[in-house]
>>> print(open('structure.cif').read())   # mmCIF, C-alpha atoms and all ligand atoms
data_upload
#
loop_
_atom_site.label_atom_id
_atom_site.label_comp_id
_atom_site.auth_asym_id
_atom_site.auth_seq_id
_atom_site.Cartn_x
_atom_site.Cartn_y
_atom_site.Cartn_z
CA MET A 1 -14.69 0.10 5.80
CA LYS A 2 -11.71 -2.03 4.73
CA TYR A 3 -9.15 -0.78 2.22
CA ILE A 4 -8.60 -3.05 -0.75
CA ILE A 5 -5.49 -1.91 -2.57
CA PHE A 6 -4.55 -3.44 -5.91
CA ASN A 7 -0.89 -3.06 -6.80
CA TRP A 8 -0.71 -3.94 -10.48
CA LYS A 9 3.06 -3.29 -10.49
CA SER A 10 4.24 -3.78 -14.12
CA TYR A 11 2.10 -6.82 -14.76
CA LEU A 12 -0.54 -5.38 -17.09
CA ASN A 13 -0.61 -3.92 -20.59
CA LEU A 14 -3.01 -1.16 -21.61
CA LYS A 15 -5.79 -3.51 -22.69
CA GLU A 16 -5.66 -5.51 -19.45
CA THR A 17 -5.50 -2.33 -17.37
CA THR A 18 -8.56 -0.96 -19.18
CA SER A 19 -10.55 -4.13 -18.68
CA LEU A 20 -9.84 -4.43 -14.92
CA SER A 21 -10.47 -0.70 -14.43
CA MET A 22 -13.80 -1.05 -16.22
CA LEU A 23 -14.70 -3.96 -13.94
CA ILE A 24 -13.91 -1.88 -10.83
CA ALA A 25 -15.88 1.06 -12.26
CA SER A 26 -18.92 -1.20 -12.65
CA PHE A 27 -19.13 -1.89 -8.88
CA SER A 28 -21.72 0.06 -6.96
CA LYS A 29 -20.45 2.19 -4.09
CA SER A 30 -19.75 -0.02 -1.09
CA LYS A 31 -19.70 0.76 2.61
CA LYS A 32 -17.63 -2.38 3.21
CA HIS A 33 -14.70 -1.82 0.88
CA LYS A 34 -12.72 1.09 -0.48
CA ILE A 35 -10.97 -0.04 -3.65
CA ILE A 36 -7.81 1.76 -4.77
CA SER A 37 -5.79 0.56 -7.75
CA ALA A 38 -2.41 1.41 -9.24
CA PRO A 39 -1.97 1.14 -12.97
CA ASN A 40 1.42 1.57 -14.54
CA ASN A 41 2.36 5.30 -14.53
CA PHE A 42 1.70 5.62 -18.26
CA PHE A 43 -1.90 4.49 -17.85
CA HIS A 44 -3.11 6.69 -14.98
CA LEU A 45 -4.45 9.42 -17.24
CA MET A 46 -6.28 7.02 -19.50
CA VAL A 47 -7.94 5.29 -16.52
CA GLN A 48 -8.85 8.64 -14.99
CA LYS A 49 -10.41 9.88 -18.19
CA LYS A 50 -12.42 6.75 -18.89
CA TYR A 51 -13.29 5.82 -15.29
CA PRO A 52 -13.17 9.06 -13.29
CA LYS A 53 -14.73 7.49 -10.20
CA ASN A 54 -11.94 4.93 -9.76
CA THR A 55 -9.53 5.88 -6.97
CA LEU A 56 -5.91 5.51 -8.05
CA PHE A 57 -2.56 5.45 -6.37
CA ALA A 58 0.99 5.87 -7.63
CA GLN A 59 3.49 3.06 -7.13
CA ASN A 60 6.32 5.40 -6.19
CA ILE A 61 7.63 8.96 -6.37
CA ASP A 62 11.18 10.17 -6.19
CA LEU A 63 13.01 12.93 -4.41
CA HIS A 64 14.77 14.67 -7.29
CA GLY A 65 12.17 17.39 -7.77
CA LEU A 66 11.21 19.17 -10.96
CA GLY A 67 14.00 20.12 -13.32
CA ALA A 68 16.94 18.34 -14.85
CA SER A 69 16.15 14.83 -13.62
CA THR A 70 15.56 12.49 -16.51
CA GLY A 71 13.23 9.62 -15.72
CA SER A 72 12.05 10.99 -12.41
CA LEU A 73 8.47 11.11 -11.16
CA ASP A 74 7.85 14.25 -9.14
CA ILE A 75 5.04 14.46 -6.62
CA SER A 76 3.56 17.49 -8.40
CA TYR A 77 2.49 15.15 -11.23
CA LEU A 78 0.40 13.23 -8.73
CA ARG A 79 -1.15 16.40 -7.36
CA GLU A 80 -1.91 17.84 -10.80
CA ASN A 81 -3.45 14.58 -11.96
CA LYS A 82 -5.55 14.15 -8.83
CA ILE A 83 -3.86 10.95 -7.73
CA LYS A 84 -4.58 10.93 -4.02
CA TYR A 85 -2.48 8.01 -2.74
CA CYS A 86 1.10 6.84 -3.16
CA ILE A 87 2.93 3.70 -2.04
CA LEU A 88 6.19 4.38 -0.24
CA GLY A 89 8.93 1.92 0.61
CA HIS A 90 7.55 -1.08 -1.22
CA SER A 91 10.07 -3.92 -0.97
CA GLU A 92 10.64 -3.94 -4.73
CA VAL A 93 11.42 -0.21 -4.67
CA ARG A 94 13.70 -0.79 -1.70
CA SER A 95 15.61 -3.50 -3.56
CA ASN A 96 15.52 -2.15 -7.15
CA PHE A 97 15.96 1.57 -6.42
CA LYS A 98 17.75 1.36 -3.06
CA ASP A 99 15.11 3.15 -1.01
CA ASN A 100 15.55 2.83 2.75
CA ASP A 101 13.65 4.05 5.82
CA GLN A 102 15.36 7.45 5.58
CA THR A 103 14.29 7.99 1.96
CA VAL A 104 10.83 6.72 2.83
CA SER A 105 10.66 9.28 5.62
CA LYS A 106 11.57 12.11 3.23
CA LYS A 107 9.01 10.92 0.70
CA LEU A 108 6.45 10.73 3.48
CA ASN A 109 7.00 14.40 4.30
CA LEU A 110 6.60 15.28 0.63
CA CYS A 111 3.30 13.39 0.55
CA ILE A 112 2.07 15.15 3.68
CA THR A 113 2.83 18.62 2.35
CA ASN A 114 1.19 17.78 -0.97
CA ASN A 115 -1.95 16.23 0.52
CA ILE A 116 -1.23 12.79 -0.88
CA THR A 117 -2.13 9.91 1.43
CA PRO A 118 0.90 7.66 1.84
CA ILE A 119 0.73 3.88 1.97
CA VAL A 120 3.91 3.10 3.90
CA CYS A 121 5.23 -0.44 3.46
CA ILE A 122 7.23 -2.15 6.17
CA GLY A 123 8.14 -5.78 6.71
CA GLU A 124 10.78 -8.18 7.97
CA SER A 125 13.00 -10.68 6.16
CA LYS A 126 12.68 -14.42 6.63
CA SER A 127 15.68 -14.52 8.96
CA VAL A 128 14.23 -11.79 11.20
CA TYR A 129 10.92 -13.68 11.25
CA GLU A 130 12.61 -16.97 12.09
CA SER A 131 14.61 -15.44 14.90
CA LYS A 132 11.35 -14.05 16.31
CA LYS A 133 12.51 -10.45 16.07
CA THR A 134 9.68 -9.22 13.85
CA LYS A 135 8.17 -6.79 16.38
CA LYS A 136 11.51 -5.22 17.21
CA TYR A 137 12.32 -4.85 13.52
CA LEU A 138 8.98 -3.26 12.66
CA LYS A 139 9.21 -0.88 15.60
CA THR A 140 12.59 0.33 14.36
CA GLN A 141 11.16 0.86 10.87
CA ILE A 142 8.20 2.84 12.25
CA ASP A 143 10.50 4.96 14.41
CA ASN A 144 12.83 5.60 11.48
CA ILE A 145 10.03 6.70 9.21
CA PHE A 146 7.65 8.74 11.41
CA ASN A 147 8.39 11.82 13.46
CA LYS A 148 6.80 12.53 16.84
CA LYS A 149 6.69 16.26 16.15
CA THR A 150 4.67 15.95 12.93
CA SER A 151 0.88 15.90 12.83
CA TYR A 152 -0.18 13.35 10.25
CA ARG A 153 -3.58 13.36 8.61
CA GLU A 154 -4.46 9.97 7.14
CA ILE A 155 -1.71 7.35 7.10
CA ILE A 156 -1.88 3.81 5.79
CA VAL A 157 0.77 1.35 6.96
CA ALA A 158 1.04 -1.92 5.06
CA TYR A 159 2.66 -4.76 6.92
CA GLU A 160 4.24 -6.84 4.16
CA PRO A 161 6.69 -9.54 5.28
CA LEU A 162 9.41 -9.63 2.61
CA TRP A 163 9.35 -13.42 2.58
CA SER A 164 5.66 -13.39 1.82
CA ILE A 165 5.60 -11.08 -1.20
CA GLY A 166 5.10 -13.12 -4.36
CA THR A 167 5.98 -16.43 -2.70
CA GLY A 168 2.60 -17.95 -1.80
CA LEU A 169 3.73 -18.00 1.85
CA THR A 170 1.95 -16.02 4.56
CA PRO A 171 2.28 -15.72 8.32
CA LYS A 172 -0.33 -17.58 10.37
CA MET A 173 -3.62 -15.69 10.85
CA SER A 174 -2.81 -15.41 14.56
CA GLU A 175 0.51 -13.76 13.66
CA ILE A 176 -1.10 -11.28 11.25
CA ASP A 177 -3.60 -10.49 14.00
CA GLU A 178 -0.90 -10.05 16.63
CA ILE A 179 1.29 -7.84 14.43
CA SER A 180 -1.64 -5.64 13.38
CA ASN A 181 -2.58 -5.12 17.02
CA TYR A 182 1.03 -4.38 17.84
CA LEU A 183 1.36 -1.83 15.03
CA HIS A 184 -1.82 -0.02 16.11
CA ASP A 185 -0.34 0.07 19.60
CA ILE A 186 3.12 1.38 18.80
CA CYS A 187 1.70 3.98 16.42
CA LYS A 188 -0.20 5.59 19.31
CA LYS A 189 2.77 7.74 20.26
CA TYR A 190 2.59 9.50 16.90
CA SER A 191 0.02 12.09 16.03
CA PHE A 192 -2.12 10.44 13.37
CA LYS A 193 -5.60 11.73 12.67
CA LYS A 194 -6.44 8.43 11.04
CA ILE A 195 -4.27 5.31 10.89
CA LYS A 196 -5.02 2.16 8.93
CA ILE A 197 -2.99 -1.03 9.20
CA LEU A 198 -3.11 -3.29 6.16
CA TYR A 199 -1.67 -6.70 5.49
CA GLY A 200 0.09 -7.54 2.19
CA GLY A 201 1.98 -10.54 0.83
CA SER A 202 0.47 -13.47 -1.11
CA VAL A 203 -3.11 -12.41 -0.47
CA ASN A 204 -5.39 -14.48 -2.70
CA LEU A 205 -8.95 -15.77 -3.02
CA ASP A 206 -8.28 -18.57 -0.52
CA ASN A 207 -7.08 -16.38 2.34
CA VAL A 208 -8.56 -12.92 1.77
CA SER A 209 -11.78 -13.40 3.73
CA ASP A 210 -9.91 -14.77 6.77
CA ILE A 211 -7.46 -11.87 6.68
CA LEU A 212 -10.21 -9.28 6.31
CA SER A 213 -12.14 -10.85 9.18
CA LEU A 214 -9.35 -9.86 11.59
CA GLN A 215 -10.64 -6.84 13.42
CA LYS A 216 -7.40 -4.84 13.56
CA VAL A 217 -6.54 -5.48 9.93
CA ASN A 218 -7.99 -2.49 8.11
CA GLY A 219 -7.48 -3.90 4.65
CA VAL A 220 -5.18 -5.68 2.25
CA LEU A 221 -2.51 -4.71 -0.27
CA VAL A 222 -2.60 -7.21 -3.11
CA GLY A 223 -0.12 -7.78 -5.93
CA SER A 224 -0.38 -10.64 -8.40
CA ALA A 225 -3.86 -11.89 -7.37
CA SER A 226 -5.24 -8.41 -8.06
CA THR A 227 -4.42 -8.79 -11.75
CA LYS A 228 -7.11 -11.50 -12.03
CA SER A 229 -10.73 -10.53 -12.63
CA ASP A 230 -11.98 -13.40 -10.42
CA PHE A 231 -10.19 -11.92 -7.46
CA ILE A 232 -11.46 -8.40 -8.16
CA LYS A 233 -15.04 -9.66 -8.51
CA TYR A 234 -14.88 -10.90 -4.92
CA PHE A 235 -15.25 -7.25 -3.82
CA LYS A 236 -18.28 -6.51 -5.96
P1 LIG A 301 1.81 -10.26 -3.85
O1 LIG A 301 2.45 -8.82 -3.75
O2 LIG A 301 0.35 -10.13 -3.47
O3 LIG A 301 2.00 -10.65 -5.27
O4 LIG A 301 2.53 -11.13 -2.89
C1 LIG A 301 2.10 -7.97 -2.69
C2 LIG A 301 2.82 -6.67 -2.83
O5 LIG A 301 3.88 -6.62 -3.48
O6 LIG A 301 2.36 -5.65 -2.31
#
>>> encode(input="structure.cif", output="structure tokens", more="lines below")
Ligand code: PGA
Amino acid sequence: MKYIIFNWKSYLNLKETTSLSMLIASFSKSKKHKIISAPNNFFHLMVQKKYPKNTLFAQNIDLHGLGASTGSLDISYLRENKIKYCILGHSEVRSNFKDNDQTVSKKLNLCITNNITPIVCIGESKSVYESKKTKKYLKTQIDNIFNKKTSYREIIVAYEPLWSIGTGLTPKMSEIDEISNYLHDICKKYSFKKIKILYGGSVNLDNVSDILSLQKVNGVLVGSASTKSDFIKYFK
């Protein structure tokens, strides 16, 4: 079963969100794909009410907790609204809200204690890629975020090269394959009950079948292409 994760970011209005959610809800249950989508925070409840079988994720949480923190999104809202997954450390959250591996690690612990499955994003910059230091960089990120003493239930790691997100550029298939193998390998020292390695960054209709055919790639995390019904229909 491959995970197909649609990150709608802040691309869609209510009408567009409703129409894509309805499309996903019309698919019969598949053994091949598990589809998880993230509407804008304001639309989660509407989607849940209208399409209760759709699996949703949150695009972020913060660490301020309940109380006097205007504008914050506490993890308890996810729990209470039965949102089972949450993205952590997405590159846009890292750059817009200054998250780093240490904050991601704290958010990860919050997810674990609240039974929310985290989708942890990691990825190198263009300069790291060009200097062929990708593996070293990703290993440092993994080691910063995970703790050897913690027992993790299900964890999803999304390998998203920063230079690939929203640019139309992707690593070669052989590189995605090699990095996915590598990530499975270096994650062995941690105690994960279930670990999935996804690829994300400029996934589209032209490359998605090749990426999903790679054995160690357990799925894809898709941004802009996932806002198009043609792309979504591919997983019908
Ligand atoms: P993209 O975004 O598919 O638009 O490159 C991927 C992501 O941000 O997760």
>>> atom_distance(input="structure.cif", atom1="atom CA of Lys148 of chain A", atom2="atom CA of Leu63 of chain A")
22.1 Å
>>> residues_around(input="structure.cif", residues="Met173 of chain A", least_positions_apart="5", cutoff="10 Å", atoms="only C-alpha atoms", output="tab-separated table (two decimals) with C-alpha atoms, in the coordinates of the input")
chain	number	residue	atom	x	y	z
A	178	GLU	CA	-0.90	-10.05	16.63
A	179	ILE	CA	1.29	-7.84	14.43
A	207	ASN	CA	-7.08	-16.38	2.34
A	210	ASP	CA	-9.91	-14.77	6.77
A	211	ILE	CA	-7.46	-11.87	6.68
A	213	SER	CA	-12.14	-10.85	9.18
A	214	LEU	CA	-9.35	-9.86	11.59
>>> residues_around(input="structure.cif", residues="segment 41-55 of chain A", least_positions_apart="2", cutoff="9 Å", atoms="all atoms listed in the file", output="count of residues only")
22
>>> axis_aligned_box(input="structure.cif", around="ligand LIG 301 (chain A)", padding_each_side="8 Å", output="lines of an AutoDock Vina configuration file")
center_x = 2.1
center_y = -8.4
center_z = -3.8
size_x = 19.5
size_y = 21.5
size_z = 19.0
>>> residues_around(input="structure.cif", residues="Cys86 of chain A", least_positions_apart="6", cutoff="9 Å", atoms="all atoms listed in the file", output="number ranges by chain")
A: 38, 56-61, 78, 111, 116-120
>>> residues_near_ligand(input="structure.cif", ligand="ligand LIG 301 (chain A)", cutoff="9 Å", atoms="all atoms listed in the file", output="VMD selection string")
chain A and resid 5 to 9 90 to 92 121 158 160 162 164 to 170 199 to 204 220 to 226
>>> residues_around(input="structure.cif", residues="segment 93-101 of chain A", least_positions_apart="3", cutoff="7 Å", atoms="all atoms listed in the file", output="list in words")
Gly89, His90, Val104, Ser105, Gln141, Asn144 and Ile145 of chain A
>>> atom_distance(input="structure.cif", atom1="atom CA of Tyr152 of chain A", atom2="atom CA of Ile186 of chain A")
15.1 Å
>>> closest_residue(input="structure.cif", among="A:Lys216, A:Lys228, A:Ser127, A:Asp177", to="Leu12 of chain A", atoms="only C-alpha atoms")
A:Lys228
>>> closest_residue(input="structure.cif", among="A:Asn114, A:Ser19, A:Ser76, A:Gln102", to="Asp143 of chain A", atoms="only C-alpha atoms")
A:Gln102
>>> closest_residue(input="structure.cif", among="A:Glu16, A:Asp185, A:Asp230, A:Glu154", to="Ile112 of chain A", atoms="only C-alpha atoms")
A:Glu154
>>> atom_distance(input="structure.cif", atom1="atom CA of Lys139 of chain A", atom2="atom CA of Glu175 of chain A")
15.7 Å
>>> closest_residue(input="structure.cif", among="A:Pro161, A:Ser72, A:Ile195, A:Leu20", to="Val128 of chain A", atoms="all atoms listed in the file")
A:Pro161
>>> closest_residue(input="structure.cif", among="A:Ser209, A:Tyr3, A:Leu108, A:Asp62", to="Lys31 of chain A", atoms="all atoms listed in the file")
A:Tyr3
>>> closest_residue(input="structure.cif", among="A:Asn147, A:Thr134, A:Ser125, A:Val208", to="Ser180 of chain A", atoms="all atoms listed in the file")
A:Thr134
>>> residues_around(input="structure.cif", residues="Lys2 of chain A", least_positions_apart="4", cutoff="7 Å", atoms="all atoms listed in the file", output="list of chain:residue names")
A:Lys32, A:His33, A:Lys34, A:Asn218, A:Gly219
>>> build_atoms(input="structure.cif", residues="segment 17-42 of chain A", atoms="N, CA, C and O atoms", output="PDB file, in the frame of the given file")
ATOM      1  N   THR A  17      -5.236  -3.394 -18.349  1.00  0.00           N
ATOM      2  CA  THR A  17      -5.500  -2.330 -17.370  1.00  0.00           C
ATOM      3  C   THR A  17      -6.900  -1.763 -17.579  1.00  0.00           C
ATOM      4  O   THR A  17      -7.658  -1.543 -16.625  1.00  0.00           O
ATOM      5  N   THR A  18      -7.238  -1.522 -18.850  1.00  0.00           N
ATOM      6  CA  THR A  18      -8.560  -0.960 -19.180  1.00  0.00           C
ATOM      7  C   THR A  18      -9.657  -1.914 -18.724  1.00  0.00           C
ATOM      8  O   THR A  18     -10.643  -1.499 -18.110  1.00  0.00           O
ATOM      9  N   SER A  19      -9.468  -3.193 -18.995  1.00  0.00           N
ATOM     10  CA  SER A  19     -10.550  -4.130 -18.680  1.00  0.00           C
ATOM     11  C   SER A  19     -10.752  -4.269 -17.167  1.00  0.00           C
ATOM     12  O   SER A  19     -11.890  -4.281 -16.678  1.00  0.00           O
ATOM     13  N   LEU A  20      -9.667  -4.325 -16.383  1.00  0.00           N
ATOM     14  CA  LEU A  20      -9.840  -4.430 -14.920  1.00  0.00           C
ATOM     15  C   LEU A  20     -10.384  -3.120 -14.335  1.00  0.00           C
ATOM     16  O   LEU A  20     -11.185  -3.133 -13.390  1.00  0.00           O
ATOM     17  N   SER A  21      -9.971  -1.996 -14.925  1.00  0.00           N
ATOM     18  CA  SER A  21     -10.470  -0.700 -14.430  1.00  0.00           C
ATOM     19  C   SER A  21     -11.962  -0.574 -14.709  1.00  0.00           C
ATOM     20  O   SER A  21     -12.724  -0.045 -13.896  1.00  0.00           O
ATOM     21  N   MET A  22     -12.379  -1.099 -15.864  1.00  0.00           N
ATOM     22  CA  MET A  22     -13.800  -1.050 -16.220  1.00  0.00           C
ATOM     23  C   MET A  22     -14.591  -1.926 -15.238  1.00  0.00           C
ATOM     24  O   MET A  22     -15.667  -1.551 -14.777  1.00  0.00           O
ATOM     25  N   LEU A  23     -14.034  -3.073 -14.893  1.00  0.00           N
ATOM     26  CA  LEU A  23     -14.700  -3.960 -13.940  1.00  0.00           C
ATOM     27  C   LEU A  23     -14.889  -3.240 -12.589  1.00  0.00           C
ATOM     28  O   LEU A  23     -15.981  -3.243 -12.018  1.00  0.00           O
ATOM     29  N   ILE A  24     -13.828  -2.593 -12.114  1.00  0.00           N
ATOM     30  CA  ILE A  24     -13.910  -1.880 -10.830  1.00  0.00           C
ATOM     31  C   ILE A  24     -14.955  -0.750 -10.928  1.00  0.00           C
ATOM     32  O   ILE A  24     -15.760  -0.549 -10.019  1.00  0.00           O
ATOM     33  N   ALA A  25     -14.944  -0.061 -12.074  1.00  0.00           N
ATOM     34  CA  ALA A  25     -15.880   1.060 -12.260  1.00  0.00           C
ATOM     35  C   ALA A  25     -17.332   0.579 -12.260  1.00  0.00           C
ATOM     36  O   ALA A  25     -18.247   1.343 -11.958  1.00  0.00           O
ATOM     37  N   SER A  26     -17.545  -0.693 -12.573  1.00  0.00           N
ATOM     38  CA  SER A  26     -18.920  -1.200 -12.650  1.00  0.00           C
ATOM     39  C   SER A  26     -19.497  -1.530 -11.258  1.00  0.00           C
ATOM     40  O   SER A  26     -20.687  -1.766 -11.118  1.00  0.00           O
ATOM     41  N   PHE A  27     -18.645  -1.563 -10.231  1.00  0.00           N
ATOM     42  CA  PHE A  27     -19.130  -1.890  -8.880  1.00  0.00           C
ATOM     43  C   PHE A  27     -19.944  -0.720  -8.318  1.00  0.00           C
ATOM     44  O   PHE A  27     -19.574   0.442  -8.498  1.00  0.00           O
ATOM     45  N   SER A  28     -21.022  -1.052  -7.610  1.00  0.00           N
ATOM     46  CA  SER A  28     -21.720   0.060  -6.960  1.00  0.00           C
ATOM     47  C   SER A  28     -20.972   0.438  -5.688  1.00  0.00           C
ATOM     48  O   SER A  28     -20.222  -0.378  -5.118  1.00  0.00           O
ATOM     49  N   LYS A  29     -21.181   1.667  -5.249  1.00  0.00           N
ATOM     50  CA  LYS A  29     -20.450   2.190  -4.090  1.00  0.00           C
ATOM     51  C   LYS A  29     -20.680   1.290  -2.875  1.00  0.00           C
ATOM     52  O   LYS A  29     -21.816   0.915  -2.589  1.00  0.00           O
ATOM     53  N   SER A  30     -19.597   0.933  -2.195  1.00  0.00           N
ATOM     54  CA  SER A  30     -19.750  -0.020  -1.090  1.00  0.00           C
ATOM     55  C   SER A  30     -19.361   0.645   0.234  1.00  0.00           C
ATOM     56  O   SER A  30     -18.437   1.452   0.285  1.00  0.00           O
ATOM     57  N   LYS A  31     -20.082   0.255   1.280  1.00  0.00           N
ATOM     58  CA  LYS A  31     -19.700   0.760   2.610  1.00  0.00           C
ATOM     59  C   LYS A  31     -18.683  -0.171   3.247  1.00  0.00           C
ATOM     60  O   LYS A  31     -18.083   0.134   4.263  1.00  0.00           O
ATOM     61  N   LYS A  32     -18.520  -1.359   2.644  1.00  0.00           N
ATOM     62  CA  LYS A  32     -17.630  -2.380   3.210  1.00  0.00           C
ATOM     63  C   LYS A  32     -16.194  -2.209   2.752  1.00  0.00           C
ATOM     64  O   LYS A  32     -15.259  -2.411   3.509  1.00  0.00           O
ATOM     65  N   HIS A  33     -16.034  -1.851   1.470  1.00  0.00           N
ATOM     66  CA  HIS A  33     -14.700  -1.820   0.880  1.00  0.00           C
ATOM     67  C   HIS A  33     -14.411  -0.506   0.174  1.00  0.00           C
ATOM     68  O   HIS A  33     -15.274   0.020  -0.506  1.00  0.00           O
ATOM     69  N   LYS A  34     -13.173  -0.046   0.333  1.00  0.00           N
ATOM     70  CA  LYS A  34     -12.720   1.090  -0.480  1.00  0.00           C
ATOM     71  C   LYS A  34     -11.635   0.543  -1.408  1.00  0.00           C
ATOM     72  O   LYS A  34     -10.585   0.104  -0.937  1.00  0.00           O
ATOM     73  N   ILE A  35     -11.914   0.547  -2.695  1.00  0.00           N
ATOM     74  CA  ILE A  35     -10.970  -0.040  -3.650  1.00  0.00           C
ATOM     75  C   ILE A  35     -10.083   1.054  -4.251  1.00  0.00           C
ATOM     76  O   ILE A  35     -10.572   2.077  -4.732  1.00  0.00           O
ATOM     77  N   ILE A  36      -8.781   0.803  -4.200  1.00  0.00           N
ATOM     78  CA  ILE A  36      -7.810   1.760  -4.770  1.00  0.00           C
ATOM     79  C   ILE A  36      -6.864   0.931  -5.643  1.00  0.00           C
ATOM     80  O   ILE A  36      -6.360  -0.100  -5.197  1.00  0.00           O
ATOM     81  N   SER A  37      -6.649   1.378  -6.878  1.00  0.00           N
ATOM     82  CA  SER A  37      -5.790   0.560  -7.750  1.00  0.00           C
ATOM     83  C   SER A  37      -4.656   1.395  -8.319  1.00  0.00           C
ATOM     84  O   SER A  37      -4.773   2.608  -8.467  1.00  0.00           O
ATOM     85  N   ALA A  38      -3.564   0.711  -8.660  1.00  0.00           N
ATOM     86  CA  ALA A  38      -2.410   1.410  -9.240  1.00  0.00           C
ATOM     87  C   ALA A  38      -2.042   0.842 -10.582  1.00  0.00           C
ATOM     88  O   ALA A  38      -1.401  -0.201 -10.687  1.00  0.00           O
ATOM     89  N   PRO A  39      -2.459   1.535 -11.649  1.00  0.00           N
ATOM     90  CA  PRO A  39      -1.970   1.140 -12.970  1.00  0.00           C
ATOM     91  C   PRO A  39      -0.505   1.559 -13.119  1.00  0.00           C
ATOM     92  O   PRO A  39       0.018   2.318 -12.298  1.00  0.00           O
ATOM     93  N   ASN A  40       0.103   1.069 -14.166  1.00  0.00           N
ATOM     94  CA  ASN A  40       1.420   1.570 -14.540  1.00  0.00           C
ATOM     95  C   ASN A  40       1.323   3.101 -14.742  1.00  0.00           C
ATOM     96  O   ASN A  40       0.288   3.601 -15.185  1.00  0.00           O
ATOM     97  N   ASN A  41       2.384   3.822 -14.439  1.00  0.00           N
ATOM     98  CA  ASN A  41       2.360   5.300 -14.530  1.00  0.00           C
ATOM     99  C   ASN A  41       1.825   5.823 -15.862  1.00  0.00           C
ATOM    100  O   ASN A  41       1.157   6.850 -15.901  1.00  0.00           O
ATOM    101  N   PHE A  42       2.128   5.135 -16.946  1.00  0.00           N
ATOM    102  CA  PHE A  42       1.700   5.620 -18.260  1.00  0.00           C
ATOM    103  C   PHE A  42       0.193   5.553 -18.440  1.00  0.00           C
ATOM    104  O   PHE A  42      -0.349   6.197 -19.317  1.00  0.00           O
TER     105      PHE A  42
END
